[in-house]
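Report on the following structure.
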Amino acid sequence: MNLTKLFNFNFFKENIKKSKGFVCLLLLVVPIFTLLVILLGINNTDMITVIDKSELIIVNIIGMYIVPVLLSFVLFGYVYKKNSVDFINSQPINRKSIFITNSLGGALLITIMQIITAIILIICGLILPKIIIIPQLVFDVFIMMWISYLFVFFATNLAMTVSGTFLTQIALTMLILFLVPFCVDGFNRFSNSDVYQFKNIEQLGYFNNISSDDTFTMPYRVLHSIVETFTMAEFDWYSIHSICKMIILGIIYYILGKILFQRRKMENNEESFFNEKIHIIVKALTLIPVFIILNIIKAEKEINIFIIALAITYYFVYDFIVKRKIKFKNSLVYLVISLIALQGFCVAGEKIKENMPKRNIDYNDISALTIYSPVYDSMYYENYEFSDYIENKDIIKEFLNSASYFKNNVIEEEEKAYIHAVLRLKTGRNLYANLILLEKDYNNILQKINNDEQYKERLKQKILENGNLLVSNIKILEGSEKKFVFSEIEKEIDKYSVEDLLNINNTDGTCINNYYYKNHKLVVTSIKDKITPNVLQIVSKYENAEFLKYFNDNKQDQFWNPHYSIVEKTDNDRIYIDYFNDQVTNIIKSNNEKTLDVSKPYYVIFLQNLGEIRRYYINTTDDIKEIIDQEIAYDKTQRIDIVK
Amino acid sequence: MIKISNLNKTFGNKKVLENLNCNIQTNSIYGLIGANGAGKSTLLRIINDIFKRDSGIIEIDGVEIEDNQELKQKLVFVPDDLYFFPSYTILDMAKFYQSMYKNFDMNYLKELAQILKLDINAKIQDFSKGMKRQSSLICAIATNASYMFFDETFDGLDPVIRNLLKKIIIKQMEKKDTTIIMTSHNLRELEDICDNLGLLYKGGILFESDIDSLKTNMFKIQVSFKEDFGKEKFSELDIMNYKKVGSVATIIAKGDKKIAQENLQKLQPIILDFLPLTLEEVFIYEMEVLGYEFNQVI
């Protein structure tokens, strides 16, 4: 096979040249946005930022939904124009070469764009002191997004080959990208809740396999996540299932696109579809989402009528926009046939669902369990990310038995324990549920978890993982200091129970954050500064230095803003301490700073110890020292308010 | 040589080309004429592998054209609907052609542009329709392809440029052994440049001949005798058309002009004139013989 015959570099070069810089501009969008996101991110804070994938989501939305689509239109668009078809196709390049050149050339440009983006990320991580970008994350972003962009690019190429106008090409691209996952997802939601039965489903919720979304292709997953939650915070990007699916489908789209391009009837350029039958199929396919929604929500009669009216309108609007003419009679006939066919599918789906064998969750199906409580102060409260999966078979078994209790029993409210649970199936899928357990059963399970040495060891490893060690995100610990802090923590946690380990990051104020990238996720473990006196000393040293820098830079005005006069107390006597008060607290505690320059003018310092507030007038650091000594005598200093 | 056998093409339900057969000799200028919608442009597009045929065989120099990238180096096509990359100059377009055609001659292009007084550094989009066509033609000619296809070649050109381009095309054909296939719906445009003509009608070649024999084989005679006479008097002639107004008969006849003249002289006419036929007239009478109205065909 002569590759130079298949990939015509001259043709590709001219393709880029004729775009008059648009292709280059398009390919710079993602790198420039990446740079902007990072620079704007550090501009908004004085803290050190550890970049996670979620920060780059806006970049990737642009990169996924806009860049490949526009690139495809730039490279292929003029091939399908009526006035350019003669010119392009009469050149000494055959159709196979045109398709391969444009497809592989576009893929090459996307690859270059991703390499530039990755280089920007790495350089930013290296030269910007307030930014940490973990190389493995860069690699994951590169791979995941690279494959996603290519996938969308090949899907758009396919849609362009089949259709002839901009509107239908966009509509077809969307159908190719979203229709199948939408239907599968809809069907899963429609039926899967019953596939895995759980006893107390009716009380609080059910196990569903929302996490199986990670098997869908990336364009659908991102869109789904945006629509469902309006936030990408919880969205877990990396999925090997998704990558494999996109690679396989991308190759299929590429091959299919090539075959159809070679067979394409160029005389139909700028006509939506050359065949009326394809119009009917496309129109019917675009009705599927409406039908799925209709059948899932099982809406009121009036709403159903409204949706059907909407579908009829849509049919005519489609004809008008795409075909520039409306044939009422034909449209109505096809609409009725489509509606009957789709309703038939839905009814068949219902029947399948009814006859689907109901499966109870079996102990043997589960590889790991995570439970966490929505109740404040619980051992697992908000510790889901940290708590990791429990693999102990006995605990899993006991959990399942406890959860089954409600099958035939009614219990009093005070005996209930509300929990969230995640079951990882051996198939790799996760099932999520809100459940009720008996309080005593729940405590029993917790007790067993507490005694699970294997689980405990995993938690310890999680804490001691050699990552980026940061003091309250203001200072990166390195070298011997990092080693020292780790050894201090290691010595300390050796004697910790599982509960202690789970609570290690429940800090009220300053802490040590360990950022590392594992299993394609950015993990943060926060370790309280008070874990050992030595660690506290190191934390105080850097926090005080930061505070003094701020104090000396801003002492004339800003420091005395109302921010410092707000004292909030919670019911259980916890004080929400803000950042700078923590600094002062540490200055008071460490008591080893002499450089505080507050000589002019006079200041009034309010110190609050729980309920008591004392006022001091100072103008030298010696005065502060004196006050500090007094406060330390009181102990329990929580907050200091300073007013000019 | 271009050999087309049993070529068929339909657009939807409409048959555009039907069992078309045609042979085009090398190193000649072949004119393809036909009314609008006869299928001229479609035929050129299929030969150039732009449109896919439904069935049939197209061979150029004995090689099948479909998906043949190497063979396409030998072909260049100037469509009726011209296309240039946005904001490109002639030089930019020439560079594109140069990158695609191995034998592209940049110096020749510059020479042609100079002859036609075209600024190679000006943007083509600012050119008039005629200048755009000239630009397109000189780019195509400079490729030195063996087979050049020009669709509605002289459309929008003024007579001076038209003649100039005809000279350039003839020179190209003579010097570089090029075969040129041109289409037009106007017979007069092709009359003085083509060696062969093919008439396309309802998807097939209705009539095909070389122009010289067409013109020399058919002649118009005006003849009159002292006595009254009828068509039967000219039984020696191969009459294609006979009209008598008063005592003067106008005859369109086929065959050897010299023999016809000798035979008629023997009849001692009082008037005997042999008049030249325009190509259009030749076509009109040929069509009549075939049972077609010329105005329907072209």
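Please note that chains go A, B, ... in the order of the structure tokens, that every chain numbers its residues from 1, and that ligands are numbered from 1 in the order shown.
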Quiz item: Any idea which chain B residues end up within 8 Å of chain A if we count only C-alpha atoms, as a count of residues only please?
Solution: 30
Practice item. Write out as a PyMOL selection string the residues lying within 8 Å of Ser247 (chain B), counting only C-alpha atoms and excluding same-chain residues fewer than 2 positions away. Key: chain B and resi 224-225+228+244-245+249
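Coordinates place CA of Asp158 (chain B) at a distance of 7.7 Å from CA of Gly130 (chain B).
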### Task
Using DSSP on the backbone coordinates, identify all residues within region 14-224 of chain B classified as alpha helix (DSSP H); present the result as an NGL selection string.
:B and (40-47 or 69-72 or 90-100 or 106-115 or 129-141 or 159-176 or 187-191 or 211-217)
*asked:* Write out as a ChimeraX atom specification the set of residues from region 81-261 of chain B that DSSP, computed on the backbone, places in strand (DSSP E or B).
replied: /B:89,123,147-150,179-184,196-201,204-210,218-224,238-245,248-254
Please indicate the distance in Å from CA of Ile123 (chain A) to CA of Cys24 (chain A), rounded to one decimal place.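 A separation of 21.1 Å between them.
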Select, from B:Ile138, B:Met93, B:Thr153, B:Gln25, the residue with the minimum atom-to-atom distance to Ala122 (chain B), counting only C-alpha atoms.
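Of B:Ile138, B:Met93, B:Thr153, B:Gln25, the one nearest Ala122 (chain B) is B:Met93, counting only C-alpha atoms.
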**Message:** Just want the 9 Å neighbourhood of Ile143 (chain A), counted on only C-alpha atoms, with same-chain residues fewer than 5 positions away dropped. Output as a list in words.
**Reply:**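 Those residues are Gln114, Val138, Ser148 and Ile243 of chain A.
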Using only C-alpha atoms, the best pick from B:Ser5, B:Thr278, B:Asn21, B:Gln172 as closest to Leu190 (chain B) would be B:Thr278
If you count only C-alpha atoms, the residue of B:Phe207, B:Phe283, B:Phe274, B:Tyr201 closest to Lys15 (chain B) turns out to be B:Tyr201
Could you name the residues that touch region 261-266 of chain B at 8 Å or less, counting only C-alpha atoms, but leaving out those on the same chain fewer than 5 positions away, as a compact mmCIF listing (two decimals) with C-alpha atoms, in the first residue's frame?
```
# COMPACT_ATOMS: atom_id res chain seq x y z
CA PHE B 234 -32.13 14.78 -60.17
CA GLU B 236 -28.37 10.98 -59.88
CA LEU B 272 -26.44 26.33 -61.49
```
Which residues, written as a PyMOL selection string, have at least one atom at most 12 Å from Asp155 (chain B), with only C-alpha atoms counted and residues fewer than 6 positions away on the same chain left out? chain B and resi 78-82+129-134+137+161-162+165+182-186+189-190
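Residues in contact range of Ile512 (chain A), defined as at most 7 Å between only C-alpha atoms, with sequence neighbours fewer than 5 positions away removed, read Leu469, Leu470, Val471, Ser472, Ser526, Ile527, Lys528 and Asp529 of chain A.
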Using N, CA and C atoms, can you write the selected residues to a file as an mmCIF file, in the first residue's frame?
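Generated output (result-v7.cif):
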```cif
data_model
loop_
_atom_site.group_PDB
_atom_site.id
_atom_site.type_symbol
_atom_site.label_atom_id
_atom_site.label_comp_id
_atom_site.auth_asym_id
_atom_site.auth_seq_id
_atom_site.Cartn_x
_atom_site.Cartn_y
_atom_site.Cartn_z
ATOM 1 N N LEU A 469 2.558 17.703 49.052
ATOM 2 C CA LEU A 469 2.150 18.027 50.417
ATOM 3 C C LEU A 469 2.098 19.540 50.579
ATOM 4 N N LEU A 470 0.906 20.035 50.900
ATOM 5 C CA LEU A 470 0.724 21.489 50.966
ATOM 6 C C LEU A 470 0.257 21.910 52.348
ATOM 7 N N VAL A 471 0.827 23.019 52.853
ATOM 8 C CA VAL A 471 0.344 23.586 54.105
ATOM 9 C C VAL A 471 -0.779 24.548 53.749
ATOM 10 N N SER A 472 -1.992 24.159 54.091
ATOM 11 C CA SER A 472 -3.189 24.982 53.840
ATOM 12 C C SER A 472 -3.176 25.631 52.463
ATOM 13 N N SER A 526 -6.885 15.478 53.552
ATOM 14 C CA SER A 526 -6.574 16.606 54.433
ATOM 15 C C SER A 526 -6.276 16.067 55.827
ATOM 16 N N ILE A 527 -5.152 16.479 56.341
ATOM 17 C CA ILE A 527 -4.730 15.976 57.655
ATOM 18 C C ILE A 527 -4.644 17.172 58.603
ATOM 19 N N LYS A 528 -5.293 17.040 59.728
ATOM 20 C CA LYS A 528 -5.363 18.203 60.619
ATOM 21 C C LYS A 528 -3.975 18.606 61.119
ATOM 22 N N ASP A 529 -3.800 19.876 61.285
ATOM 23 C CA ASP A 529 -2.478 20.397 61.665
ATOM 24 C C ASP A 529 -2.061 19.957 63.061
#
```
Shell around Met106 (chain B) at 12 Å using only C-alpha atoms, local window under 5 positions removed, as an mmCIF file with C-alpha atoms, in the first residue's frame:
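File result.cif, as written:
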```cif
data_model
loop_
_atom_site.group_PDB
_atom_site.id
_atom_site.type_symbol
_atom_site.label_atom_id
_atom_site.label_comp_id
_atom_site.auth_asym_id
_atom_site.auth_seq_id
_atom_site.Cartn_x
_atom_site.Cartn_y
_atom_site.Cartn_z
ATOM 1 C CA ILE B 90 -4.136 33.339 -10.197
ATOM 2 C CA LEU B 91 -0.691 32.594 -8.836
ATOM 3 C CA ASP B 92 -2.173 30.953 -5.729
ATOM 4 C CA MET B 93 -4.455 28.831 -7.877
ATOM 5 C CA ALA B 94 -1.554 27.988 -10.158
ATOM 6 C CA LYS B 95 0.446 26.847 -7.144
ATOM 7 C CA PHE B 96 -2.449 24.633 -6.146
ATOM 8 C CA TYR B 97 -2.537 23.103 -9.638
ATOM 9 C CA GLN B 98 1.232 22.786 -9.513
ATOM 10 C CA SER B 99 0.972 20.827 -6.285
ATOM 11 C CA TYR B 101 -0.269 18.067 -11.387
ATOM 12 C CA GLU B 111 3.253 33.452 -20.455
ATOM 13 C CA LEU B 112 -0.433 32.785 -21.083
ATOM 14 C CA ALA B 113 -1.461 35.281 -18.429
ATOM 15 C CA ILE B 120 -1.495 36.896 -11.747
ATOM 16 C CA ILE B 138 -4.888 29.046 -18.449
ATOM 17 C CA CYS B 139 -4.468 27.136 -15.188
ATOM 18 C CA ALA B 140 -5.908 24.065 -16.873
ATOM 19 C CA ILE B 141 -3.811 24.458 -20.021
ATOM 20 C CA ALA B 142 -0.637 24.903 -17.987
ATOM 21 C CA THR B 143 -1.175 21.469 -16.411
ATOM 22 C CA ASN B 144 -0.120 19.949 -19.755
#
```
